[in-house]
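Student: Below you'll find input33.txt; it's compact mmCIF, C-alpha atoms.
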# COMPACT_ATOMS: atom_id res chain seq x y z
CA MET A 155 108.73 98.77 61.67
CA SER A 156 109.25 98.31 65.41
CA ARG A 157 106.45 99.31 67.77
CA ALA A 158 106.36 99.57 71.55
CA ILE A 159 104.18 96.89 73.07
CA CYS A 160 101.91 99.35 74.88
CA SER A 161 100.84 100.92 71.62
CA GLY A 162 98.96 97.97 70.14
CA ILE A 163 96.31 97.20 72.72
CA THR A 164 92.91 96.17 71.46
CA GLY A 165 89.84 95.59 73.60
CA ALA A 166 89.85 92.32 75.51
CA MET A 167 86.67 91.27 77.30
CA VAL A 168 86.96 89.53 80.63
CA LEU A 169 84.64 86.53 80.73
CA ALA A 170 85.54 85.46 84.25
CA ALA A 171 87.93 86.58 86.95
CA THR A 172 88.15 84.81 90.28
CA THR A 173 89.93 86.77 92.98
CA VAL A 174 91.02 85.16 96.21
CA LEU A 175 92.92 87.08 98.87
CA GLY A 176 95.89 84.84 99.45
CA SER A 177 98.58 84.84 102.10
CA GLY A 178 100.98 87.08 100.27
CA ALA A 179 99.14 88.56 97.30
CA TRP A 180 95.93 88.50 95.34
CA ALA A 181 96.25 85.08 93.69
CA GLN A 182 94.01 84.87 90.62
CA SER A 183 92.89 82.62 87.86
CA VAL A 184 91.68 84.76 84.96
CA THR A 185 90.03 83.82 81.67
CA VAL A 186 90.14 86.37 78.88
CA ASN A 187 88.17 86.23 75.66
CA GLY A 188 90.32 88.27 73.29
CA ALA A 189 90.18 89.40 69.71
CA ILE A 190 93.00 90.10 67.28
CA ASN A 191 92.25 93.02 65.02
CA ALA A 192 93.50 92.51 61.47
CA THR A 193 94.52 96.17 61.29
CA THR A 194 96.76 95.94 64.37
CA THR A 195 99.97 94.74 62.80
CA THR A 196 103.71 94.90 63.13
CA SER A 197 106.51 93.75 60.89
CA TYR A 198 109.96 92.25 61.24
CA PHE A 199 110.25 89.16 63.42
CA ASN A 200 113.89 88.17 63.69
CA GLY A 201 113.51 85.24 66.04
CA SER A 202 115.89 86.53 68.71
CA ILE A 203 113.78 85.18 71.56
CA PRO A 204 115.79 83.91 74.55
CA GLY A 205 116.41 80.23 74.15
CA GLY A 206 116.57 80.20 70.39
CA GLY A 207 114.74 81.34 67.30
CA CYS A 208 112.03 78.84 66.59
CA CYS A 209 110.48 80.86 63.82
CA THR A 210 113.12 82.94 62.09
CA TYR A 211 111.56 82.56 58.67
CA GLY A 212 115.07 82.94 57.36
CA GLY A 213 115.30 86.35 58.93
CA THR A 214 112.90 87.72 56.34
CA ALA A 215 110.68 90.57 57.48
CA PHE A 216 106.94 89.99 57.29
CA SER A 217 103.77 91.47 58.75
CA PHE A 218 101.44 89.82 61.25
CA SER A 219 98.50 90.79 63.48
CA TYR A 220 98.52 90.67 67.26
CA ASP A 221 96.73 91.52 70.51
CA ILE A 222 98.06 92.52 73.92
CA VAL A 223 96.76 91.58 77.37
CA ARG A 224 98.27 93.59 80.21
CA VAL A 225 98.73 91.64 83.44
CA THR A 226 100.40 92.04 86.81
CA VAL A 227 102.06 88.83 88.02
CA VAL A 228 101.38 88.57 91.76
CA ASN A 229 102.35 84.93 92.32
CA GLY A 230 105.32 84.30 90.06
CA PRO A 231 105.97 80.64 91.02
CA THR A 232 102.47 79.65 89.84
CA PHE A 233 102.40 81.73 86.65
CA SER A 234 101.00 80.11 83.54
CA ALA A 235 99.38 81.30 80.32
CA GLU A 236 97.71 79.16 77.69
CA VAL A 237 95.62 79.74 74.63
CA THR A 238 92.90 77.11 74.94
CA SER A 239 91.19 77.93 71.64
CA ALA A 240 91.76 80.28 68.72
CA SER A 241 90.25 81.10 65.34
CA ILE A 242 93.47 82.42 63.85
CA GLY A 243 95.94 80.78 61.54
CA ASP A 244 98.98 80.09 63.73
CA PRO A 245 98.72 81.31 67.32
CA PHE A 246 101.97 82.30 68.97
CA MET A 247 102.46 83.79 72.44
CA TRP A 248 105.22 85.41 74.37
CA VAL A 249 105.46 87.37 77.62
CA GLY A 250 107.52 90.48 78.04
CA ARG A 251 108.07 93.27 80.51
CA SER A 252 105.66 96.15 80.14
CA ASP A 253 107.97 98.16 77.88
CA PHE A 254 109.52 95.47 75.67
CA ASP A 255 109.74 95.96 71.94
CA LEU A 256 107.80 93.83 69.47
CA SER A 257 110.90 93.35 67.34
CA LEU A 258 112.40 91.39 70.26
CA SER A 259 115.74 92.62 68.99
CA THR A 260 117.06 93.06 72.54
CA ASN A 261 115.95 89.71 73.94
CA GLU A 262 113.42 91.33 76.26
CA ALA A 263 110.89 88.49 76.21
CA VAL A 264 110.89 86.47 79.42
CA ALA A 265 108.95 83.47 78.04
CA TYR A 266 107.45 82.28 74.75
CA ASN A 267 105.71 79.28 73.20
CA ASP A 268 104.28 78.24 69.86
CA ASP A 269 102.72 74.77 69.95
CA GLY A 270 102.79 73.70 73.63
CA ASN A 271 99.03 73.31 74.16
CA GLY A 272 97.94 71.55 70.95
CA GLY A 273 94.49 71.72 69.33
CA GLY A 274 92.96 74.54 67.35
CA PHE A 275 93.38 75.29 63.66
CA TRP A 276 97.08 75.01 64.27
CA LEU A 277 98.70 74.06 67.59
CA ASN A 278 97.99 76.47 70.47
CA PRO A 279 100.70 77.98 72.70
CA ARG A 280 101.14 77.32 76.42
CA ILE A 281 103.61 78.85 78.90
CA SER A 282 104.10 77.48 82.39
CA THR A 283 107.17 78.85 84.13
CA ALA A 284 108.05 80.79 87.26
CA ILE A 285 108.74 84.47 86.59
CA PRO A 286 109.31 87.39 88.98
CA ASP A 287 106.29 89.34 90.19
CA GLY A 288 105.68 92.54 88.26
CA GLN A 289 103.97 94.09 85.26
CA TYR A 290 103.95 92.18 81.97
CA ALA A 291 102.31 92.15 78.57
CA VAL A 292 101.09 88.84 77.17
CA PHE A 293 101.43 89.05 73.39
CA VAL A 294 99.14 86.80 71.30
CA ALA A 295 100.05 86.84 67.60
CA ASN A 296 98.74 85.38 64.38
CA LEU A 297 101.93 84.14 62.79
CA GLY A 298 99.83 82.96 59.91
CA GLY A 299 100.10 86.56 58.70
CA VAL A 300 97.77 89.52 58.66
CA GLY A 301 94.27 88.61 59.74
CA GLY A 302 91.92 88.91 62.69
CA GLY A 303 90.26 86.31 64.86
CA THR A 304 89.33 85.40 68.42
CA TYR A 305 91.13 83.46 71.12
CA THR A 306 90.59 82.29 74.69
CA LEU A 307 93.47 82.87 77.08
CA VAL A 308 93.67 81.33 80.59
CA LEU A 309 96.13 82.92 83.05
CA ASN A 310 97.17 81.92 86.57
CA GLY A 311 99.03 83.88 89.24
CA VAL A 312 98.05 87.25 87.80
CA THR A 313 95.62 90.11 87.99
CA LEU A 314 94.42 91.88 84.88
CA GLY A 315 95.88 95.28 84.14
CA TRP A 316 98.93 97.09 85.37
CA GLY A 317 98.83 98.09 88.99
CA PRO A 318 99.93 101.36 90.55
CA ASN A 319 103.56 102.34 90.12
CA THR A 320 106.06 102.06 92.96
CA ALA A 321 105.74 105.72 94.00
CA THR A 322 101.96 105.43 94.30
CA GLN A 323 102.26 102.21 96.30
CA LEU A 324 104.65 103.87 98.75
CA SER A 325 102.35 106.89 99.07
CA ALA A 326 99.40 104.64 99.85
CA LEU A 327 101.35 102.75 102.49
CA SER A 328 102.69 105.94 104.07
CA GLN A 329 99.29 107.62 104.21
CA GLY A 330 97.50 104.49 105.39
CA SER A 331 99.95 103.77 108.19
CA ALA A 332 99.96 107.45 109.23
CA ALA A 333 96.16 107.46 109.52
CA LEU A 334 96.41 104.42 111.79
CA SER A 335 99.25 105.99 113.79
CA ARG A 336 97.15 109.10 114.36
CA GLY A 337 94.47 106.98 116.04
CA VAL A 338 97.04 105.15 118.16
CA VAL A 339 98.73 108.41 119.20
CA ILE A 340 95.42 110.05 120.16
CA GLN A 341 94.45 107.09 122.34
CA ALA A 342 97.92 106.91 123.91
CA GLY A 343 97.85 110.61 124.77
CA SER A 344 94.38 110.35 126.32
CA VAL A 345 95.10 107.39 128.58
CA ALA A 346 98.45 108.79 129.72
CA ALA A 347 96.79 112.09 130.60
CA THR A 348 94.06 110.33 132.58
CA GLN A 349 96.47 108.15 134.52
CA ALA A 350 98.91 110.97 135.23
CA ASN A 351 96.13 113.15 136.67
CA GLU A 352 94.88 110.45 138.98
CA GLY A 353 95.25 111.57 142.59
CA LEU A 354 96.81 114.95 141.90
CA ALA A 355 95.64 117.85 144.06
CA GLY A 356 92.26 118.97 142.75
CA ASP A 357 91.52 115.73 140.85
CA THR A 358 87.82 114.84 140.98
CA THR A 359 88.03 111.19 139.87
CA ALA A 360 88.26 108.06 141.94
CA SER A 361 91.86 107.23 142.77
CA SER A 362 93.71 104.31 144.31
CA ARG A 363 96.52 106.68 145.29
CA GLY A 364 94.62 107.92 148.32
CA THR A 365 96.55 105.70 150.75
CA ASN A 366 99.97 106.57 149.32
CA PRO A 367 99.91 109.67 147.11
CA THR A 368 103.68 109.60 146.55
CA GLY A 369 103.78 105.93 145.56
CA VAL A 370 104.18 104.40 142.13
CA ASN A 371 101.05 103.85 140.06
CA THR A 372 101.17 101.11 137.41
CA TRP A 373 98.51 100.53 134.82
CA VAL A 374 97.58 98.58 131.71
CA GLU A 375 95.03 99.62 129.10
CA PHE A 376 93.55 97.49 126.34
CA THR A 377 92.61 99.73 123.42
CA GLY A 378 91.01 99.54 120.01
CA PHE A 379 89.31 101.58 117.35
CA VAL A 380 87.43 101.11 114.08
CA THR A 381 87.11 103.70 111.30
CA ASN A 382 84.57 103.32 108.48
CA GLY A 383 84.33 105.69 105.51
CA ASN A 384 83.16 105.66 101.91
CA ASP A 385 86.47 104.20 100.67
CA LEU A 386 88.24 103.47 103.93
CA ARG A 387 88.08 100.92 106.73
CA GLN A 388 90.72 100.79 109.45
CA THR A 389 91.03 98.80 112.68
CA ALA A 390 93.53 98.72 115.51
CA THR A 391 93.75 96.62 118.67
CA GLY A 392 96.48 96.81 121.25
CA PHE A 393 97.61 97.46 124.78
CA GLN A 394 99.60 100.01 126.73
CA LEU A 395 101.63 99.48 129.92
CA GLY A 396 102.69 102.40 132.08
CA GLY A 397 103.89 103.60 135.44
CA ASP A 398 104.15 107.03 137.03
CA MET A 399 104.70 108.74 140.36
CA HIS A 400 104.02 112.11 141.96
CA VAL A 401 107.28 114.03 142.16
CA MET A 402 105.28 116.88 143.74
CA SER A 403 101.72 117.09 145.04
CA ASN A 404 100.68 118.69 141.76
CA LEU A 405 103.15 117.11 139.28
CA THR A 406 103.32 113.57 137.92
CA LEU A 407 105.98 112.03 135.68
CA GLY A 408 105.53 108.69 133.95
CA LEU A 409 106.56 106.34 131.16
CA SER A 410 104.55 103.89 129.09
CA ILE A 411 105.10 101.43 126.27
CA GLY A 412 102.46 100.27 123.82
CA HIS A 413 101.84 97.91 120.94
CA SER A 414 99.02 97.84 118.36
CA GLU A 415 98.08 95.48 115.53
CA VAL A 416 96.60 97.53 112.70
CA ASN A 417 94.78 97.00 109.40
CA SER A 418 93.67 99.36 106.64
CA ASP A 419 91.60 98.73 103.53
CA THR A 420 90.92 101.36 100.88
CA THR A 421 90.33 101.24 97.13
CA GLY A 422 93.07 99.04 95.68
CA PHE A 423 95.27 98.82 98.80
CA ASP A 424 95.17 96.39 101.74
CA LEU A 425 97.57 97.22 104.57
CA SER A 426 98.43 95.29 107.74
CA GLY A 427 101.14 95.62 110.31
CA ASP A 428 102.05 96.55 113.85
CA LEU A 429 103.30 99.60 115.73
CA THR A 430 105.33 99.58 118.97
CA PHE A 431 106.04 102.80 120.85
CA VAL A 432 107.47 104.34 124.02
CA GLN A 433 105.87 107.38 125.67
CA PRO A 434 107.19 109.61 128.46
CA TYR A 435 104.42 111.79 129.91
CA LEU A 436 103.61 114.31 132.63
CA ALA A 437 100.64 116.05 134.23
CA TYR A 438 100.43 119.30 136.19
CA VAL A 439 97.58 120.69 138.31
CA ASN A 440 97.20 124.24 139.61
CA GLY A 441 93.89 124.65 141.39
CA PRO A 442 91.06 123.94 138.92
CA MET A 443 93.44 124.05 135.94
CA ARG A 444 95.28 120.97 134.70
CA ALA A 445 97.55 120.20 131.81
CA GLU A 446 99.13 117.06 130.35
CA ALA A 447 101.83 116.42 127.76
CA SER A 448 103.56 113.41 126.24
CA LEU A 449 106.10 112.46 123.60
CA ILE A 450 105.83 109.30 121.50
CA TYR A 451 108.48 107.44 119.54
CA GLY A 452 107.44 104.33 117.64
CA ARG A 453 108.54 101.82 115.02
CA GLY A 454 106.25 99.94 112.69
CA ASP A 455 106.39 97.07 110.20
CA PHE A 456 103.83 96.99 107.41
CA GLU A 457 102.82 94.83 104.45
CA GLN A 458 100.67 96.19 101.64
CA ILE A 459 98.85 94.24 98.92
CA SER A 460 97.72 95.99 95.76
CA LEU A 461 97.24 95.25 92.09
CA GLY A 462 100.93 96.05 91.73
CA GLY A 463 101.86 93.18 94.05
CA THR A 464 102.98 92.84 97.67
CA GLY A 465 105.37 95.31 99.26
CA THR A 466 106.79 95.75 102.74
CA ALA A 467 108.02 98.82 104.56
CA ASP A 468 109.36 99.97 107.90
CA SER A 469 108.13 103.16 109.52
CA THR A 470 109.28 105.54 112.24
CA VAL A 471 106.77 107.65 114.15
CA VAL A 472 107.57 110.74 116.23
CA ALA A 473 104.62 112.50 117.88
CA ALA A 474 103.61 114.80 120.72
CA THR A 475 100.34 115.33 122.59
CA LEU A 476 99.22 118.29 124.70
CA SER A 477 95.96 118.76 126.57
CA GLY A 478 94.43 120.98 129.18
CA ALA A 479 91.19 121.45 131.11
CA TYR A 480 89.51 123.68 133.69
CA ASP A 481 87.30 122.01 136.28
CA LEU A 482 84.19 123.93 137.29
CA ALA A 483 82.32 122.65 140.36
CA LEU A 484 78.55 122.87 139.80
CA SER A 485 75.92 123.33 142.48
CA THR A 486 74.56 119.89 141.62
CA GLY A 487 77.77 118.28 142.84
CA GLN A 488 78.88 117.57 139.29
CA THR A 489 81.99 118.90 137.58
CA LEU A 490 81.98 120.57 134.17
CA SER A 491 85.39 120.59 132.48
CA PRO A 492 85.94 122.63 129.32
CA MET A 493 89.00 121.15 127.61
CA ALA A 494 91.22 121.28 124.55
CA SER A 495 93.88 118.98 123.12
CA LEU A 496 96.39 118.86 120.30
CA SER A 497 98.17 115.87 118.78
CA TYR A 498 100.82 116.13 116.10
CA GLY A 499 103.04 113.48 114.53
CA GLU A 500 105.30 112.65 111.64
CA GLU A 501 105.74 109.21 110.12
CA GLU A 502 108.52 108.24 107.73
CA SER A 503 107.96 105.07 105.73
CA LYS A 504 110.78 103.27 103.92
CA GLY A 505 110.17 100.57 101.31
CA ILE A 506 112.25 97.47 102.04
CA GLY A 507 110.82 94.47 100.19
CA GLY A 508 108.63 93.12 97.42
CA THR A 509 107.27 95.78 95.10
CA LEU A 510 108.54 98.47 97.50
CA ALA A 511 112.17 97.31 97.54
CA GLY A 512 114.32 100.31 96.75
CA ALA A 513 111.29 102.62 96.66
CA GLY A 514 112.95 105.14 98.97
CA THR A 515 111.17 106.97 101.77
CA GLU A 516 108.06 109.08 102.16
CA THR A 517 106.95 111.24 105.08
CA THR A 518 103.37 111.96 106.17
CA ASN A 519 102.40 114.47 108.87
CA PHE A 520 99.21 113.92 110.84
CA GLY A 521 97.35 115.35 113.79
CA ARG A 522 94.17 116.34 115.59
CA ALA A 523 93.03 119.56 117.24
CA SER A 524 90.07 119.20 119.59
CA VAL A 525 87.90 121.40 121.83
CA GLY A 526 84.98 120.33 123.98
CA ALA A 527 83.68 119.73 127.48
CA ARG A 528 83.15 116.83 129.85
CA LEU A 529 80.54 116.49 132.59
CA SER A 530 81.54 114.26 135.52
CA THR A 531 79.28 112.85 138.20
CA ASN A 532 80.51 111.23 141.42
CA PHE A 533 78.93 108.08 142.79
CA ASP A 534 79.78 105.75 145.68
CA MET A 535 82.63 103.91 143.98
CA GLY A 536 83.91 106.51 141.56
CA THR A 537 83.03 108.83 138.72
CA ALA A 538 80.98 108.62 135.53
CA PHE A 539 81.44 111.09 132.72
CA VAL A 540 80.02 112.13 129.36
CA GLY A 541 81.63 114.53 126.89
CA LEU A 542 81.02 116.36 123.65
CA HIS A 543 83.89 117.52 121.40
CA ALA A 544 84.68 119.03 118.01
CA ASP A 545 87.71 117.46 116.30
CA TYR A 546 89.73 118.57 113.33
CA ASP A 547 91.86 115.79 111.85
CA TYR A 548 94.46 116.42 109.19
CA ALA A 549 97.19 114.67 107.21
CA ASN A 550 99.76 115.94 104.74
CA GLY A 551 101.91 113.57 102.68
CA ASP A 552 104.85 114.14 100.34
CA THR A 553 102.66 113.45 97.30
CA ASN A 554 99.01 113.62 96.28
CA VAL A 555 96.54 112.05 98.69
CA ILE A 556 95.52 108.53 97.70
CA ALA A 557 91.75 108.04 97.30
CA GLY A 558 90.20 107.05 100.63
CA PHE A 559 92.84 108.44 102.97
CA ASN A 560 91.18 111.86 103.06
CA ASP A 561 87.89 110.32 104.24
CA ASP A 562 88.78 110.77 107.91
CA THR A 563 90.19 114.31 107.73
CA GLY A 564 88.41 117.59 108.39
CA LEU A 565 86.00 118.78 111.07
CA ALA A 566 83.71 116.34 112.89
CA GLY A 567 81.85 115.87 116.16
CA ARG A 568 82.59 113.31 118.84
CA VAL A 569 80.76 112.07 121.94
CA GLU A 570 82.33 110.08 124.77
CA LEU A 571 81.28 108.36 127.96
CA GLY A 572 83.02 106.35 130.62
CA VAL A 573 83.30 105.20 134.21
CA ASN A 574 86.24 105.34 136.59
CA ALA A 575 85.76 103.17 139.69
CA ALA A 576 87.94 102.37 142.71
CA ILE A 577 87.62 98.59 143.13
CA THR A 578 89.88 98.49 146.21
CA ASP A 579 92.14 100.95 147.99
CA ARG A 580 94.86 100.18 145.46
CA LEU A 581 93.02 99.02 142.35
CA ASP A 582 91.10 101.15 139.83
CA LEU A 583 89.03 100.10 136.83
CA ARG A 584 88.25 102.53 134.02
CA THR A 585 86.17 101.96 130.89
CA ASN A 586 85.59 104.50 128.16
CA MET A 587 84.14 104.67 124.66
CA SER A 588 83.82 107.41 122.05
CA VAL A 589 82.03 107.77 118.73
CA GLY A 590 83.59 110.26 116.31
CA GLY A 591 83.08 111.47 112.79
CA LEU A 592 79.64 112.88 113.61
CA GLY A 593 78.38 115.07 110.80
CA THR A 594 80.54 113.30 108.19
CA SER A 595 80.33 110.14 106.11
CA THR A 596 83.21 108.57 108.07
CA LYS A 597 82.52 107.24 111.56
CA ASP A 598 85.00 105.97 114.10
CA VAL A 599 84.49 104.13 117.35
CA ALA A 600 87.22 103.89 119.99
CA ALA A 601 87.17 102.04 123.30
CA GLY A 602 89.49 101.31 126.18
CA LEU A 603 89.61 99.29 129.38
CA THR A 604 92.19 100.29 132.00
CA LEU A 605 93.37 98.61 135.19
CA SER A 606 95.67 100.61 137.47
CA MET A 607 97.35 99.62 140.73
CA SER A 608 99.37 101.67 143.18
CA PHE A 609 102.21 100.56 145.44
Starting from the coordinates I provided, produce the structure as structure tokens.
Tutor:
Amino acid sequence: MSRAICSGITGAMVLAATTVLGSGAWAQSVTVNGAINATTTTSYFNGSIPGGGCCTYGGTAFSFSYDIVRVTVVNGPTFSAEVTSASIGDPFMWVGRSDFDLSLSTNEAVAYNDDGNGGGFWLNPRISTAIPDGQYAVFVANLGGVGGGTYTLVLNGVTLGWGPNTATQLSALSQGSAALSRGVVIQAGSVAATQANEGLAGDTTASSRGTNPTGVNTWVEFTGFVTNGNDLRQTATGFQLGGDMHVMSNLTLGLSIGHSEVNSDTTGFDLSGDLTFVQPYLAYVNGPMRAEASLIYGRGDFEQISLGGTGTADSTVVAATLSGAYDLALSTGQTLSPMASLSYGEEESKGIGGTLAGAGTETTNFGRASVGARLSTNFDMGTAFVGLHADYDYANGDTNVIAGFNDDTGLAGRVELGVNAAITDRLDLRTNMSVGGLGTSTKDVAAGLTLSMSF
């Protein structure tokens, strides 16, 4: 009788598993204390293992007991498997893809060994050969016939169990990178809006444009944010370069480019990469009312490590931001500005290498809707401000949400503070920080430092 390899799994207890996060994958040395159950048997062993039939037994069918250990090879060049001790009659071991057949009638085993390790009641098997990364089943058999017993199996270059399938890996990468892109887009929209408004008619902040309101303003901002949730941690650090000019006394047009290095860690998936984008933007002022808008186009490169192995993907981001405010002058000399903003984007991720080679594409939509108010106070060199906002973050992927990536969605509070100071007639310095996720289990902190110069 021929049986699929996934049908004969008995319980294997892990005595020790050492996990080290390597340069390209989780590289592990794993020791398994396994047991062969006498009642778990198969019959017919025809010896058609690649490389020859060491144990054909004349082609005669017979029954034997076996155990299966599922592994994911994550460092194929260093793969090895050896039975160091066994209390069974004649240990034999071979390695096959996750769906290979115990009859081995189609030569689906990728490696096998009978007596390579020596010792034991009979000689113990040992396999040491490079094999491609992927999901495998290590088959330990008692070729002495039907009968149970214990064995100790030492594996290198693997993790225990079968990792997520390719579709799940791509979903995790798409949703993780989209969550990071949302943070980058929100920061990019905010800084572009601030810089575009600088010096427009009715602006209440310090401005280096005062000596030449029609000149070109150039700026650089160093940005970063950290998100911490129950199952999610994300970080991003980067910069943004931009320039704009007043085409009218109440209208500014500008262009910026930005780059961020990003990382994401959630249950079972570690993601790292970078995102580079270009952003045209504008701002318009009409009395106490002001509005800003921008478009963002970006490209990203990402690498993801999971139990399934290491995969790489490219991504394309298209997004838009829109914001508006109404400045109310208070009798105290301060300015209260009710405001609202909307960010929306779409990211398409395409698997290109490793476990994601040929995985296809997946699209995730993301965004934030926000309402709140900011209180600004003038001082000798500039303006200080504090704000309170309610944010609604959302994301919608092609498939089910991966655990952790919904931690930072939904309604939450956010506070902000900052200072905008005119250092010289042509040089401004702006610092700002916000703490979001208030009222939820996921908190995020974002900060920026901006230098702007006019010509």
Student: Counting only C-alpha atoms, what is within 6 Å of range 407-412 of chain A, bar same-chain residues fewer than 3 positions away, as number ranges by chain?
Tutor: A: 393-399, 430-436
Student: Smallest atom-to-atom distance to Thr509 in chain A: which of A:Ala350, A:Val225, A:Leu461, A:Ala575, using all atoms listed in the file?
Tutor: A:Leu461
Student: Near range 477-489 of chain A, within 8 Å and counting only C-alpha atoms, which residues show up once chain neighbours fewer than 3 positions away are dropped, as a list in words?
Tutor: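 Selected residues are Ala347, Thr358, Pro442, Met443, Arg444, Ala445, Glu446, Ala447, Pro492, Met493, Ala494, Ser495, Leu496, Leu529, Ser530, Thr531 and Asn532 of chain A.
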Student: May I have the residues within 7 Å of range 503-506 of chain A as a PDB file with C-alpha atoms, keeping the file's coordinate frame, using all atoms listed in the file and disregarding those fewer than 2 positions away in the same chain?
Tutor:
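Written out: around.pdb:
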ATOM      1  CA  LEU A 324     104.650 103.870  98.750  1.00  0.00           C
ATOM      2  CA  SER A 328     102.690 105.940 104.070  1.00  0.00           C
ATOM      3  CA  THR A 466     106.790  95.750 102.740  1.00  0.00           C
ATOM      4  CA  ALA A 467     108.020  98.820 104.560  1.00  0.00           C
ATOM      5  CA  ASP A 468     109.360  99.970 107.900  1.00  0.00           C
ATOM      6  CA  SER A 469     108.130 103.160 109.520  1.00  0.00           C
ATOM      7  CA  THR A 470     109.280 105.540 112.240  1.00  0.00           C
ATOM      8  CA  GLU A 501     105.740 109.210 110.120  1.00  0.00           C
ATOM      9  CA  LEU A 510     108.540  98.470  97.500  1.00  0.00           C
ATOM     10  CA  ALA A 511     112.170  97.310  97.540  1.00  0.00           C
ATOM     11  CA  GLY A 512     114.320 100.310  96.750  1.00  0.00           C
ATOM     12  CA  ALA A 513     111.290 102.620  96.660  1.00  0.00           C
ATOM     13  CA  GLY A 514     112.950 105.140  98.970  1.00  0.00           C
ATOM     14  CA  THR A 515     111.170 106.970 101.770  1.00  0.00           C
ATOM     15  CA  GLU A 516     108.060 109.080 102.160  1.00  0.00           C
ATOM     16  CA  THR A 517     106.950 111.240 105.080  1.00  0.00           C
TER      17      THR A 517
END
Student: For Asn382 in chain A, which of A:Leu581, A:Leu490, A:Leu592, A:Met587 is the closest residue, counting all atoms listed in the file?
Tutor: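 Among the listed residues, the smallest separation from Asn382 in chain A belongs to A:Leu592.
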Student: As an exercise, work out the distance from CA of Leu583 in chain A to CA of Thr604 in chain A in Å and give it to one decimal place.
Tutor: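 Between CA of Leu583 in chain A and CA of Thr604 in chain A the gap is 5.8 Å.
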Student: Please indicate the distance in Å from CA of Thr537 in chain A to CA of Asn440 in chain A, rounded to one decimal place.
Tutor: 21.0 Å
Student: Compile the contact shell of range 313-316 of chain A as a ChimeraX atom specification: residues with an atom at most 8 Å away, counting only C-alpha atoms, same-chain residues fewer than 2 positions apart removed.
Tutor: /A:180-184,223-228,289-290,311,318,461-462
Student: Just to confirm, what's the straight-line distance from CA of Ser325 in chain A to CA of Gly230 in chain A in Å (one decimal)?
Tutor: 24.5 Å
Student: Find the residues around Phe376 in chain A up to 6 Å (all atoms listed in the file counted), leave out those fewer than 4 positions away in its own chain, and share them as a list in words.
Tutor: Gly392, Phe393, Gly602 and Leu603 of chain A
Student: Would you mind telling me which residue in A:Asn187, A:Thr238, A:Thr420, A:Ser282 lies nearest to Thr304 in chain A when using all atoms listed in the file?
Tutor: A:Asn187
Student: Identify the residues around (97.6, 79.8, 82.3) within a radius of 12 Å, measuring from all atoms listed in the file in the coordinates stated by the file, and give them as number ranges by chain.
Tutor: A: 182-186, 225, 227, 230, 232-238, 247, 249, 270-271, 279-284, 292, 306-313
Student: Kindly provide, as a PyMOL selection string, the polymer residues lying within 8 Å of (87.5, 99.8, 99.6), counting all atoms listed in the file and using the coordinates exactly as they appear in the file.
Tutor: chain A and resi 384-387+419-423+558
Student: As a JSON list (two decimals), keeping the file's coordinate frame, please: range 597-607 of chain A completed to N, CA and C atoms.
Tutor:
[["chain", "number", "residue", "atom", "x", "y", "z"],
["A", 597, "LYS", "N", 82.73, 107.39, 110.12],
["A", 597, "LYS", "CA", 82.52, 107.24, 111.56],
["A", 597, "LYS", "C", 83.66, 106.43, 112.16],
["A", 598, "ASP", "N", 84.01, 106.77, 113.40],
["A", 598, "ASP", "CA", 85.00, 105.97, 114.10],
["A", 598, "ASP", "C", 84.54, 105.71, 115.51],
["A", 599, "VAL", "N", 84.83, 104.54, 116.00],
["A", 599, "VAL", "CA", 84.49, 104.13, 117.35],
["A", 599, "VAL", "C", 85.77, 103.69, 118.04],
["A", 600, "ALA", "N", 86.04, 104.24, 119.22],
["A", 600, "ALA", "CA", 87.22, 103.89, 119.99],
["A", 600, "ALA", "C", 86.80, 103.48, 121.39],
["A", 601, "ALA", "N", 87.51, 102.53, 121.97],
["A", 601, "ALA", "CA", 87.17, 102.04, 123.30],
["A", 601, "ALA", "C", 88.43, 101.66, 124.05],
["A", 602, "GLY", "N", 88.35, 101.70, 125.36],
["A", 602, "GLY", "CA", 89.49, 101.31, 126.18],
["A", 602, "GLY", "C", 89.04, 100.75, 127.51],
["A", 603, "LEU", "N", 89.83, 99.86, 128.06],
["A", 603, "LEU", "CA", 89.61, 99.29, 129.38],
["A", 603, "LEU", "C", 90.93, 99.35, 130.12],
["A", 604, "THR", "N", 90.94, 100.05, 131.28],
["A", 604, "THR", "CA", 92.19, 100.29, 132.00],
["A", 604, "THR", "C", 92.12, 99.74, 133.42],
["A", 605, "LEU", "N", 93.17, 99.04, 133.80],
["A", 605, "LEU", "CA", 93.37, 98.61, 135.19],
["A", 605, "LEU", "C", 94.61, 99.31, 135.71],
["A", 606, "SER", "N", 94.50, 99.95, 136.89],
["A", 606, "SER", "CA", 95.67, 100.61, 137.47],
["A", 606, "SER", "C", 95.81, 100.19, 138.92],
["A", 607, "MET", "N", 97.07, 100.06, 139.37],
["A", 607, "MET", "CA", 97.35, 99.62, 140.73],
["A", 607, "MET", "C", 98.48, 100.46, 141.29]]
